[in-house]
file start12.txt (compact mmCIF, C-alpha atoms)
# COMPACT_ATOMS: atom_id res chain seq x y z
CA MET A 130 1.04 -6.86 212.41
CA ARG A 131 3.34 -4.50 210.53
CA ARG A 132 5.01 -7.53 208.94
CA ASN A 133 1.68 -8.62 207.53
CA VAL A 134 1.27 -5.23 205.89
CA VAL A 135 4.77 -4.97 204.44
CA VAL A 136 5.37 -8.56 203.26
CA PRO A 137 2.60 -8.65 200.62
CA TRP A 138 3.93 -5.44 199.12
CA LEU A 139 7.46 -6.86 199.03
CA ALA A 140 6.01 -9.97 197.37
CA THR A 141 4.37 -7.77 194.74
CA VAL A 142 7.71 -6.09 193.98
CA ALA A 143 9.42 -9.50 193.80
CA ARG A 144 6.70 -10.79 191.47
CA LEU A 145 7.02 -7.84 189.10
CA VAL A 146 10.85 -7.89 189.03
CA LEU A 147 11.19 -11.66 188.60
CA GLY A 148 8.24 -11.92 186.21
CA GLY A 149 9.41 -8.91 184.21
CA VAL A 150 12.90 -10.37 183.78
CA PHE A 151 11.50 -13.74 182.65
CA LEU A 152 9.06 -12.10 180.22
CA VAL A 153 11.79 -9.98 178.62
CA ALA A 154 14.30 -12.84 178.56
CA GLY A 155 11.78 -15.13 176.87
CA ALA A 156 10.51 -12.57 174.38
CA LEU A 157 14.02 -11.59 173.25
CA LYS A 158 14.82 -15.21 172.35
CA LEU A 159 11.91 -15.60 169.93
CA PRO A 160 12.78 -13.33 166.97
CA ASP A 161 16.06 -15.10 166.03
CA PRO A 162 15.64 -18.87 166.52
CA ALA A 163 18.95 -19.67 164.80
CA ALA A 164 20.78 -17.51 167.34
CA ALA A 165 18.90 -19.26 170.17
CA VAL A 166 20.13 -22.61 168.85
CA ARG A 167 23.74 -21.35 168.71
CA ALA A 168 23.46 -19.94 172.23
CA VAL A 169 22.31 -23.28 173.65
CA ARG A 170 24.87 -25.22 171.62
CA ALA A 171 27.67 -22.92 172.83
CA TYR A 172 27.33 -24.36 176.35
CA GLN A 173 28.42 -27.76 174.91
CA LEU A 174 26.25 -29.55 177.46
CA LEU A 175 23.39 -31.00 175.42
CA PRO A 176 23.53 -33.65 172.69
CA GLU A 177 22.82 -32.14 169.25
CA PRO A 178 19.25 -33.55 168.86
CA ALA A 179 18.22 -31.87 172.13
CA VAL A 180 19.68 -28.46 171.28
CA ALA A 181 16.93 -27.10 169.01
CA PRO A 182 13.92 -28.22 171.12
CA VAL A 183 15.49 -26.66 174.23
CA ALA A 184 16.38 -23.48 172.36
CA PHE A 185 12.84 -23.14 170.96
CA GLY A 186 10.94 -24.36 174.05
CA LEU A 187 12.80 -22.50 176.79
CA PRO A 188 11.44 -19.04 175.85
CA VAL A 189 7.86 -20.38 175.99
CA ILE A 190 8.41 -21.64 179.54
CA GLU A 191 10.09 -18.36 180.49
CA ILE A 192 7.18 -16.31 179.12
CA ALA A 193 4.61 -18.56 180.84
CA VAL A 194 6.39 -18.22 184.19
CA GLY A 195 6.83 -14.47 183.66
CA LEU A 196 3.16 -13.96 182.79
CA ALA A 197 1.98 -15.93 185.81
CA LEU A 198 4.21 -13.88 188.12
CA VAL A 199 3.29 -10.51 186.64
CA LEU A 200 -0.45 -11.27 186.68
CA GLY A 201 -0.26 -12.89 190.10
CA VAL A 202 -1.78 -16.28 189.25
CA PHE A 203 -0.30 -19.60 190.44
CA VAL A 204 2.38 -17.53 192.10
CA ARG A 205 3.83 -20.30 194.26
CA THR A 206 4.01 -22.74 191.34
CA ALA A 207 5.54 -20.08 189.08
CA ALA A 208 8.02 -19.08 191.79
CA ILE A 209 9.14 -22.69 192.25
CA ALA A 210 9.40 -23.14 188.46
CA SER A 211 11.50 -19.99 188.14
CA ALA A 212 13.75 -21.15 191.00
CA VAL A 213 14.29 -24.46 189.17
CA LEU A 214 15.05 -22.59 185.91
CA LEU A 215 17.50 -20.29 187.68
CA VAL A 216 19.32 -23.24 189.26
CA VAL A 217 19.61 -24.80 185.77
CA PHE A 218 20.96 -21.49 184.40
CA LEU A 219 23.43 -21.21 187.27
CA VAL A 220 24.69 -24.74 186.62
CA GLY A 221 25.04 -23.94 182.90
CA VAL A 222 26.84 -20.64 183.38
CA GLY A 223 28.97 -22.02 186.22
CA SER A 224 30.07 -25.01 184.16
CA ALA A 225 30.84 -22.81 181.14
CA TRP A 226 32.94 -20.60 183.43
CA ALA A 227 34.70 -23.59 184.99
CA ARG A 228 35.48 -25.05 181.57
CA GLY A 229 36.87 -21.71 180.37
CA LEU A 230 34.39 -21.38 177.50
CA GLN A 231 34.26 -17.94 175.97
CA ILE A 232 30.52 -17.44 175.73
CA ASP A 233 27.87 -14.95 176.59
CA CYS A 234 25.11 -16.61 178.62
CA GLY A 235 22.55 -15.89 175.88
CA CYS A 236 20.17 -15.04 178.70
CA PHE A 237 18.54 -12.19 176.79
CA GLY A 238 18.82 -13.41 173.21
CA ASN A 239 22.04 -13.14 171.18
CA GLY A 240 24.00 -16.02 169.78
CA GLY A 241 26.22 -16.89 172.71
CA GLN A 242 29.28 -15.58 170.91
CA VAL A 243 31.59 -13.03 172.46
CA ALA A 244 35.05 -11.89 171.52
CA ALA A 245 37.90 -13.22 173.60
CA GLY A 246 37.99 -11.62 177.04
CA GLU A 247 34.46 -10.25 176.88
CA THR A 248 32.84 -12.84 179.10
CA ALA A 249 30.84 -11.60 182.09
CA TYR A 250 30.48 -14.71 184.23
CA PRO A 251 30.65 -13.06 187.70
CA LEU A 252 27.90 -10.61 186.77
CA GLU A 253 25.70 -13.34 185.26
CA VAL A 254 26.10 -15.55 188.33
CA LEU A 255 25.35 -12.67 190.71
CA ARG A 256 22.24 -11.69 188.74
CA ASP A 257 20.93 -15.25 188.72
CA LEU A 258 21.65 -15.65 192.45
CA GLY A 259 19.75 -12.45 193.21
CA LEU A 260 16.78 -13.59 191.13
CA LEU A 261 16.94 -17.03 192.79
CA LEU A 262 16.59 -15.35 196.21
CA LEU A 263 13.50 -13.49 194.98
CA ALA A 264 12.04 -16.73 193.60
CA LEU A 265 12.62 -18.62 196.86
CA GLY A 266 11.15 -15.75 198.88
CA LEU A 267 8.04 -15.78 196.70
CA ALA A 268 7.69 -19.55 196.96
CA TRP A 269 7.79 -19.16 200.75
CA ARG A 270 5.38 -16.19 200.95
CA PRO A 271 3.39 -16.03 197.70
CA ALA A 272 0.61 -13.80 199.02
CA SER A 273 0.88 -10.33 197.52
CA ARG A 274 -0.99 -7.17 196.59
CA PHE A 275 -2.32 -6.58 193.06
CA ALA A 276 -2.57 -10.28 192.28
CA LEU A 277 -5.32 -11.73 190.12
CA GLY A 278 -5.30 -15.14 191.76
CA VAL A 279 -5.30 -16.47 195.29
CA PRO A 280 -2.41 -18.69 196.42
CA SER A 281 -4.01 -22.10 196.05
CA SER A 282 -2.11 -23.94 198.73
CA ASP A 283 -3.07 -21.71 201.64
CA PRO A 284 -5.99 -19.32 201.28
CA LYS A 285 -5.90 -18.60 205.03
CA GLU A 286 -2.46 -17.09 204.61
CA TYR A 287 -3.98 -14.74 202.05
CA SER A 288 -6.88 -13.62 204.22
CA ARG A 289 -4.56 -13.15 207.18
CA ALA A 290 -2.34 -10.94 205.03
CA HIS A 291 -5.25 -8.67 204.16
CA MET B 172 -31.72 -21.86 234.80
CA PRO B 173 -32.03 -20.50 231.23
CA THR B 174 -35.40 -19.46 230.03
CA ASP B 175 -36.98 -21.09 227.01
CA SER B 176 -36.35 -18.11 224.77
CA ALA B 177 -32.68 -17.95 225.80
CA ARG B 178 -32.21 -21.64 224.99
CA ARG B 179 -33.81 -21.11 221.57
CA GLN B 180 -31.46 -18.19 221.06
CA THR B 181 -28.29 -20.29 221.70
CA ASN B 182 -29.63 -23.11 219.52
CA ARG B 183 -30.20 -20.65 216.69
CA GLU B 184 -26.70 -19.26 217.15
CA ARG B 185 -25.19 -22.75 217.14
CA LEU B 186 -27.09 -23.58 213.97
CA ALA B 187 -26.01 -20.37 212.31
CA ALA B 188 -22.40 -21.00 213.27
CA ARG B 189 -22.56 -24.51 211.84
CA ARG B 190 -24.08 -23.22 208.63
CA ALA B 191 -21.39 -20.58 208.33
CA THR B 192 -18.66 -23.20 208.78
CA GLU B 193 -20.27 -25.39 206.15
CA ALA B 194 -20.59 -22.47 203.75
CA ALA B 195 -16.94 -21.58 204.28
CA ALA B 196 -15.92 -25.19 203.65
CA ARG B 197 -18.05 -25.25 200.49
CA ALA B 198 -16.53 -21.99 199.30
CA HIS B 199 -13.09 -23.34 200.04
CA ALA B 200 -13.84 -26.53 198.10
CA GLN B 201 -15.22 -24.48 195.22
CA ARG B 202 -12.15 -22.26 195.18
CA ARG B 203 -9.96 -25.36 195.20
CA HIS B 204 -11.92 -26.83 192.35
CA ARG B 205 -11.59 -23.63 190.34
CA THR B 206 -7.85 -23.48 191.03
CA VAL B 207 -7.31 -27.08 189.97
CA LEU B 208 -9.36 -26.54 186.82
CA GLY B 209 -7.55 -23.27 186.09
CA GLY B 210 -4.22 -24.99 186.63
CA MET B 211 -5.11 -27.72 184.19
CA VAL B 212 -6.24 -25.22 181.57
CA ALA B 213 -3.06 -23.16 182.07
CA ALA B 214 -0.85 -26.26 181.84
CA LEU B 215 -2.58 -27.33 178.61
CA ALA B 216 -2.19 -23.81 177.19
CA VAL B 217 1.55 -23.82 177.97
CA LEU B 218 1.91 -27.28 176.43
CA GLY B 219 0.05 -26.17 173.30
CA ALA B 220 2.19 -23.03 173.03
CA LEU B 221 5.33 -25.18 173.39
CA VAL B 222 4.34 -27.44 170.51
CA VAL B 223 3.30 -24.55 168.25
CA VAL B 224 6.46 -22.51 168.92
CA ILE B 225 8.80 -25.48 168.42
CA VAL B 226 7.12 -26.31 165.09
CA VAL B 227 7.18 -22.68 163.91
CA GLN B 228 10.82 -22.09 164.93
CA ASN B 229 11.88 -25.36 163.30
CA HIS B 230 10.24 -24.16 160.13
CA ARG B 231 11.92 -20.75 160.38
CA THR B 232 15.42 -22.21 160.81
CA ALA B 233 15.04 -24.93 158.19
CA THR B 234 17.13 -24.68 155.04
CA ALA B 235 16.06 -26.10 151.69
CA THR B 236 17.65 -29.47 150.94
CA ASN B 237 18.44 -28.30 147.41
CA ALA B 238 19.74 -24.91 148.57
CA ALA B 239 21.99 -23.12 146.11
CA ALA B 240 25.70 -23.44 146.93
CA PRO B 241 28.35 -21.31 145.21
CA ALA B 242 30.82 -22.92 142.85
CA ASN B 243 34.46 -23.00 144.02
CA ALA B 244 33.47 -23.65 147.65
CA ASP B 245 34.21 -26.81 149.60
CA GLY B 246 30.88 -27.19 151.33
CA THR B 247 30.65 -24.07 153.46
CA VAL B 248 34.42 -23.52 153.40
CA ILE B 249 36.38 -21.35 150.98
CA ALA B 250 39.90 -22.74 150.70
CA VAL B 251 42.70 -20.56 149.38
CA GLY B 252 46.28 -21.59 148.56
CA SER B 253 48.10 -24.74 147.59
CA ALA B 254 46.40 -28.02 148.44
CA ASP B 255 49.82 -29.47 149.44
CA ALA B 256 50.66 -26.64 151.82
CA LYS B 257 52.20 -27.92 155.06
CA VAL B 258 49.98 -25.95 157.41
CA THR B 259 46.24 -25.44 157.39
CA VAL B 260 44.85 -22.25 158.92
CA ASP B 261 41.10 -22.09 159.60
CA LEU B 262 39.50 -18.67 159.97
CA TYR B 263 36.00 -17.96 161.26
CA GLU B 264 34.92 -14.41 160.49
CA ASP B 265 31.82 -12.25 160.25
CA PHE B 266 32.04 -9.29 157.84
CA GLN B 267 30.38 -7.09 160.47
CA CYS B 268 32.76 -8.06 163.31
CA PRO B 269 35.09 -5.19 164.32
CA ASN B 270 37.65 -7.56 165.91
CA CYS B 271 37.82 -9.39 162.57
CA LYS B 272 38.55 -6.10 160.83
CA ALA B 273 41.31 -5.44 163.38
CA PHE B 274 42.72 -8.95 162.85
CA GLU B 275 42.65 -8.53 159.07
CA ALA B 276 44.29 -5.11 159.29
CA GLU B 277 47.10 -6.44 161.47
CA SER B 278 47.63 -10.05 160.30
CA GLY B 279 45.88 -10.25 156.93
CA SER B 280 48.94 -9.40 154.83
CA THR B 281 51.13 -11.80 156.84
CA LEU B 282 48.67 -14.60 156.17
CA ALA B 283 48.47 -13.64 152.47
CA LYS B 284 52.29 -13.96 152.20
CA LEU B 285 52.24 -17.38 153.91
CA VAL B 286 49.54 -18.49 151.47
CA ALA B 287 51.39 -17.04 148.47
CA ASP B 288 54.67 -18.83 149.30
CA GLY B 289 52.86 -22.16 149.63
CA THR B 290 53.33 -22.61 153.39
CA VAL B 291 49.68 -22.20 154.31
CA ARG B 292 46.33 -23.28 152.97
CA ALA B 293 43.79 -20.86 154.42
CA ARG B 294 40.24 -22.10 154.95
CA TYR B 295 37.70 -19.31 155.35
CA HIS B 296 34.53 -20.18 157.28
CA GLY B 297 32.00 -17.41 156.91
CA MET B 298 29.59 -16.63 159.72
CA ALA B 299 26.62 -14.28 159.86
CA PHE B 300 25.54 -13.70 163.43
CA LEU B 301 25.65 -9.90 163.66
CA ASP B 302 22.51 -9.27 161.65
CA SER B 303 20.22 -6.56 162.96
CA SER B 304 17.32 -4.60 161.62
CA ALA B 305 19.51 -1.47 161.97
CA ASN B 306 22.14 -2.86 159.58
CA ASP B 307 19.48 -4.47 157.37
CA GLN B 308 20.88 -7.99 158.03
CA TYR B 309 24.31 -6.86 156.83
CA SER B 310 26.19 -9.97 158.03
CA THR B 311 23.98 -12.20 155.91
CA ARG B 312 23.97 -9.86 152.90
CA ALA B 313 27.77 -9.49 153.00
CA LEU B 314 28.45 -13.24 153.22
CA ASN B 315 25.89 -13.92 150.49
CA ALA B 316 27.64 -11.32 148.32
CA ALA B 317 30.98 -13.04 149.02
CA ALA B 318 29.43 -16.31 147.84
CA VAL B 319 28.18 -14.57 144.68
CA VAL B 320 31.72 -13.27 144.01
CA LEU B 321 33.22 -16.70 144.70
CA ASP B 322 30.76 -18.32 142.33
CA ALA B 323 31.32 -15.80 139.54
CA GLY B 324 35.02 -15.01 139.95
CA GLY B 325 36.68 -17.86 141.87
CA THR B 326 38.79 -17.79 145.02
CA ASP B 327 41.08 -14.92 143.90
CA ALA B 328 38.08 -12.65 143.40
CA PHE B 329 36.71 -13.84 146.75
CA MET B 330 39.95 -12.89 148.53
CA THR B 331 39.98 -9.41 146.99
CA PHE B 332 36.32 -8.92 147.90
CA HIS B 333 36.95 -10.24 151.43
CA ASP B 334 39.79 -7.74 151.95
CA LEU B 335 37.73 -4.90 150.45
CA LEU B 336 34.78 -5.58 152.78
CA PHE B 337 36.96 -5.63 155.90
CA ALA B 338 38.82 -2.49 154.83
CA ASN B 339 35.48 -0.74 154.24
CA GLN B 340 33.56 -2.31 157.12
CA PRO B 341 30.53 -0.25 158.16
CA ALA B 342 30.14 0.72 161.82
CA GLU B 343 28.61 -2.09 163.91
CA SER B 344 25.71 0.11 165.00
CA GLY B 345 25.42 1.68 161.56
CA SER B 346 23.17 0.85 158.63
CA GLY B 347 25.49 -1.54 156.76
CA LEU B 348 26.59 -1.27 153.13
CA THR B 349 23.79 -1.24 150.58
CA ASP B 350 23.36 -4.02 148.02
CA GLU B 351 24.54 -1.58 145.35
CA GLN B 352 27.74 -0.82 147.31
CA LEU B 353 28.32 -4.58 147.75
CA ALA B 354 27.89 -5.05 143.98
CA GLU B 355 30.36 -2.24 143.32
CA TYR B 356 33.02 -3.92 145.49
CA ALA B 357 32.17 -7.21 143.78
CA GLY B 358 32.89 -5.53 140.44
CA GLN B 359 36.22 -4.17 141.76
CA ALA B 360 37.07 -7.74 142.85
CA GLY B 361 36.39 -9.05 139.37
CA ALA B 362 32.82 -10.29 139.59
CA THR B 363 30.91 -8.23 137.07
CA GLY B 364 27.68 -8.63 135.18
CA SER B 365 24.07 -7.77 135.81
CA GLU B 366 23.34 -11.09 137.56
CA VAL B 367 25.86 -10.25 140.32
CA LEU B 368 23.66 -7.46 141.67
CA ALA B 369 20.58 -9.63 141.11
CA HIS B 370 22.03 -12.50 143.19
CA ILE B 371 23.14 -10.05 145.89
CA LYS B 372 19.65 -8.55 146.08
CA ALA B 373 17.87 -11.92 145.96
CA LEU B 374 20.10 -13.48 148.67
CA THR B 375 20.64 -16.40 146.30
CA TYR B 376 22.97 -18.11 148.78
CA GLY B 377 20.93 -17.17 151.89
CA ASP B 378 20.45 -20.80 152.92
CA TRP B 379 24.15 -21.49 152.33
CA VAL B 380 24.91 -18.57 154.70
CA LYS B 381 22.58 -20.07 157.34
CA THR B 382 24.21 -23.47 156.96
CA ALA B 383 27.71 -21.98 157.23
CA THR B 384 26.80 -20.07 160.40
CA ASP B 385 25.24 -23.16 161.94
CA GLN B 386 28.26 -25.28 160.96
CA ALA B 387 30.62 -22.84 162.70
CA SER B 388 28.60 -23.19 165.89
CA LYS B 389 28.72 -26.98 165.51
CA ASP B 390 32.50 -26.68 165.10
CA GLY B 391 32.51 -25.19 168.61
CA VAL B 392 33.25 -21.64 167.51
CA THR B 393 31.71 -19.17 169.95
CA GLY B 394 33.37 -15.92 168.93
CA THR B 395 34.96 -14.17 165.97
CA PRO B 396 37.63 -14.01 164.83
CA THR B 397 38.54 -17.58 165.65
CA VAL B 398 41.80 -18.70 164.08
CA LEU B 399 42.98 -22.31 164.13
CA VAL B 400 46.52 -23.18 163.11
CA ALA B 401 46.80 -26.89 162.26
CA GLY B 402 43.55 -27.41 164.16
CA GLN B 403 44.75 -25.67 167.33
CA LYS B 404 43.02 -22.50 168.45
CA LEU B 405 45.39 -19.54 168.25
CA SER B 406 45.14 -17.26 171.28
CA ASP B 407 47.66 -14.64 170.12
CA ILE B 408 46.24 -13.59 166.74
CA SER B 409 48.79 -10.80 166.14
CA ALA B 410 50.96 -11.07 163.02
CA ALA B 411 53.85 -12.28 165.20
CA GLY B 412 51.67 -14.84 166.98
CA LEU B 413 50.37 -16.16 163.66
CA THR B 414 53.86 -16.39 162.14
CA ALA B 415 55.21 -18.19 165.21
CA ALA B 416 52.35 -20.71 165.29
CA VAL B 417 52.65 -21.41 161.55
CA SER B 418 56.45 -21.88 161.81
CA ALA B 419 56.01 -24.25 164.74
CA ALA B 420 53.34 -26.23 162.87
CA ALA B 421 55.47 -26.34 159.68
CA ALA B 422 58.49 -27.59 161.65
CA GLY B 423 56.51 -30.17 163.60

call {"tool": "encode", "arguments": {"input": "start12.txt", "output": "structure tokens"}}
result
Amino acid sequence: MRRNVVVPWLATVARLVLGGVFLVAGALKLPDPAAAVRAVRAYQLLPEPAVAPVAFGLPVIEIAVGLALVLGVFVRTAAIASAVLLVVFLVGVGSAWARGLQIDCGCFGNGGQVAAGETAYPLEVLRDLGLLLLALGLAWRPASRFALGVPSSDPKEYSRAH
Amino acid sequence: MPTDSARRQTNRERLAARRATEAAARAHAQRRHRTVLGGMVAALAVLGALVVVIVVQNHRTATATNAAAPANADGTVIAVGSADAKVTVDLYEDFQCPNCKAFEAESGSTLAKLVADGTVRARYHGMAFLDSSANDQYSTRALNAAAVVLDAGGTDAFMTFHDLLFANQPAESGSGLTDEQLAEYAGQAGATGSEVLAHIKALTYGDWVKTATDQASKDGVTGTPTVLVAGQKLSDISAAGLTAAVSAAAAG
């Protein structure tokens, strides 16, 4: 019984942290689109025609996922989407690290450029792994306090949690 | 044996229970319906936002096809020194970048000597990625001013202006040099006249600056200063490292 009281509160905290990070990360990429393009290009993973659409579209997806999590609507869907995004980010950062590229992840805006020896790959990977854990936890147990919506896949889970 | 009234009671209860189950199922179906509908509306909204944002950002990053380019530049590159020099050195710098200032302070005069004696042709690639509202887009204003000087005074004036701006670089978190200060350094470098300040203020070569910055990123440059000697990235950018790499390239 105690678990059923505590878990929804933990889910609320996870929602706010994960959603908050995605909201901020998305919003910071909007004011300087040219920098967003350079940040994506710096990974040297995408063909040139795909660079700009990804750089301009990614923040919209991040903000949508962040909003859903913070408001508490479509939580399981948003949690799965954020887990997918985080895996993509981890692959990107990991491959940049492995290839010895000197870039900043561009996670929170900026142009992806850093001076030699100012990379922060371990920290970026750890942060993304931590957020990935939160996302997976939320996808598993999406029911939470202070949520506008009801988890669509299992309303019984919700009523049991209350 | 149950009495009549008792039997009626259980029948009523059974009926009520069935009705409650049906109502719950209906409510569940309704909730499902609402969720599916809400999901579709949300998905459409995200899709619409995607299209709008991509169009707007494309528009914001677009440069005019007939954008003004300064005279004496080779595309977005400013080449200094003899065209038959044995070694080409490419430099990617941002006027607001402190590490570029440090590089210029340590290795700038060494490079100038190598250019002067005809060993090196230096190709300056300007970048403007350290703009902020605090420095009033100083990176862009400074590179635009350098283009104005290049256009009005040629590559010698550009080099003098380039050295002046690094020697007098404003703090990275500071407010940047004003347009008037930029025009004053431009005058010291040999680009005088009332239109110099006008072009600095109007960001006449703003699109050229955007194109140059984008080109540097396409060249694979992800940090400043980036120095290439004969196309190879130089990791030791000290004066000694530069001299050694240039000698090796000249010999080879």

call {"tool": "residues_around", "arguments": {"input": "start12.txt", "residues": "range 287-302 of chain B", "least_positions_apart": "2", "cutoff": "8 Å", "atoms": "all atoms listed in the file", "output": "PyMOL selection string"}}
result
(chain A and resi 164+240) or (chain B and resi 247-268+282-285+304+306-311+314+380-381+383-384+387+417+421)

call {"tool": "atom_distance", "arguments": {"input": "start12.txt", "atom1": "CA of Val286 in chain B", "atom2": "CA of Phe332 in chain B"}}
result
16.7 Å

call {"tool": "interface_residues", "arguments": {"input": "start12.txt", "of": "chain B", "to": "chain A", "cutoff": "8 Å", "atoms": "all atoms listed in the file", "output": "count of residues only"}}
result
23

call {"tool": "atom_distance", "arguments": {"input": "start12.txt", "atom1": "CA of Ile371 in chain B", "atom2": "CA of Ala317 in chain B"}}
result
9.0 Å

call {"tool": "atom_distance", "arguments": {"input": "start12.txt", "atom1": "CA of Ala420 in chain B", "atom2": "CA of Ala401 in chain B"}}
result
6.6 Å

call {"tool": "decode", "arguments": {"input": "start12.txt", "residues": "range 170-191 of chain A", "atoms": "N, CA and C atoms", "output": "compact mmCIF listing (two decimals), in the first residue's frame"}}
result
# COMPACT_ATOMS: atom_id res chain seq x y z
N ARG A 170 25.32 20.04 -37.55
CA ARG A 170 26.32 19.72 -38.56
C ARG A 170 27.62 19.24 -37.92
N ALA A 171 27.92 19.79 -36.73
CA ALA A 171 29.20 19.49 -36.07
C ALA A 171 29.34 18.00 -35.73
N TYR A 172 28.21 17.31 -35.60
CA TYR A 172 28.27 15.86 -35.31
C TYR A 172 28.77 15.06 -36.52
N GLN A 173 28.69 15.69 -37.73
CA GLN A 173 29.12 15.03 -38.97
C GLN A 173 28.48 13.65 -39.14
N LEU A 174 27.18 13.59 -38.85
CA LEU A 174 26.46 12.32 -38.99
C LEU A 174 25.40 12.38 -40.08
N LEU A 175 24.83 13.58 -40.30
CA LEU A 175 23.72 13.70 -41.23
C LEU A 175 24.18 14.28 -42.56
N PRO A 176 23.58 13.86 -43.67
CA PRO A 176 23.87 14.50 -44.95
C PRO A 176 23.38 15.95 -44.93
N GLU A 177 24.06 16.83 -45.64
CA GLU A 177 23.77 18.26 -45.58
C GLU A 177 22.28 18.63 -45.75
N PRO A 178 21.55 18.01 -46.71
CA PRO A 178 20.14 18.42 -46.86
C PRO A 178 19.28 18.11 -45.62
N ALA A 179 19.72 17.17 -44.79
CA ALA A 179 18.92 16.80 -43.62
C ALA A 179 19.25 17.66 -42.41
N VAL A 180 20.39 18.39 -42.47
CA VAL A 180 20.87 19.11 -41.29
C VAL A 180 19.88 20.17 -40.82
N ALA A 181 19.45 21.06 -41.74
CA ALA A 181 18.59 22.17 -41.33
C ALA A 181 17.22 21.69 -40.82
N PRO A 182 16.53 20.78 -41.54
CA PRO A 182 15.24 20.33 -41.00
C PRO A 182 15.35 19.70 -39.61
N VAL A 183 16.41 18.93 -39.37
CA VAL A 183 16.58 18.34 -38.03
C VAL A 183 16.85 19.44 -37.01
N ALA A 184 17.72 20.39 -37.38
CA ALA A 184 18.06 21.46 -36.44
C ALA A 184 16.85 22.32 -36.09
N PHE A 185 15.96 22.55 -37.07
CA PHE A 185 14.79 23.39 -36.83
C PHE A 185 13.65 22.60 -36.20
N GLY A 186 13.52 21.31 -36.55
CA GLY A 186 12.40 20.51 -36.08
C GLY A 186 12.59 19.93 -34.69
N LEU A 187 13.85 19.58 -34.36
CA LEU A 187 14.11 18.94 -33.06
C LEU A 187 13.57 19.73 -31.87
N PRO A 188 13.82 21.07 -31.82
CA PRO A 188 13.30 21.81 -30.66
C PRO A 188 11.78 21.73 -30.53
N VAL A 189 11.06 21.65 -31.66
CA VAL A 189 9.59 21.56 -31.60
C VAL A 189 9.19 20.25 -30.92
N ILE A 190 9.84 19.17 -31.31
CA ILE A 190 9.55 17.87 -30.70
C ILE A 190 9.90 17.91 -29.21
N GLU A 191 11.05 18.51 -28.89
CA GLU A 191 11.47 18.58 -27.49
C GLU A 191 10.46 19.36 -26.65
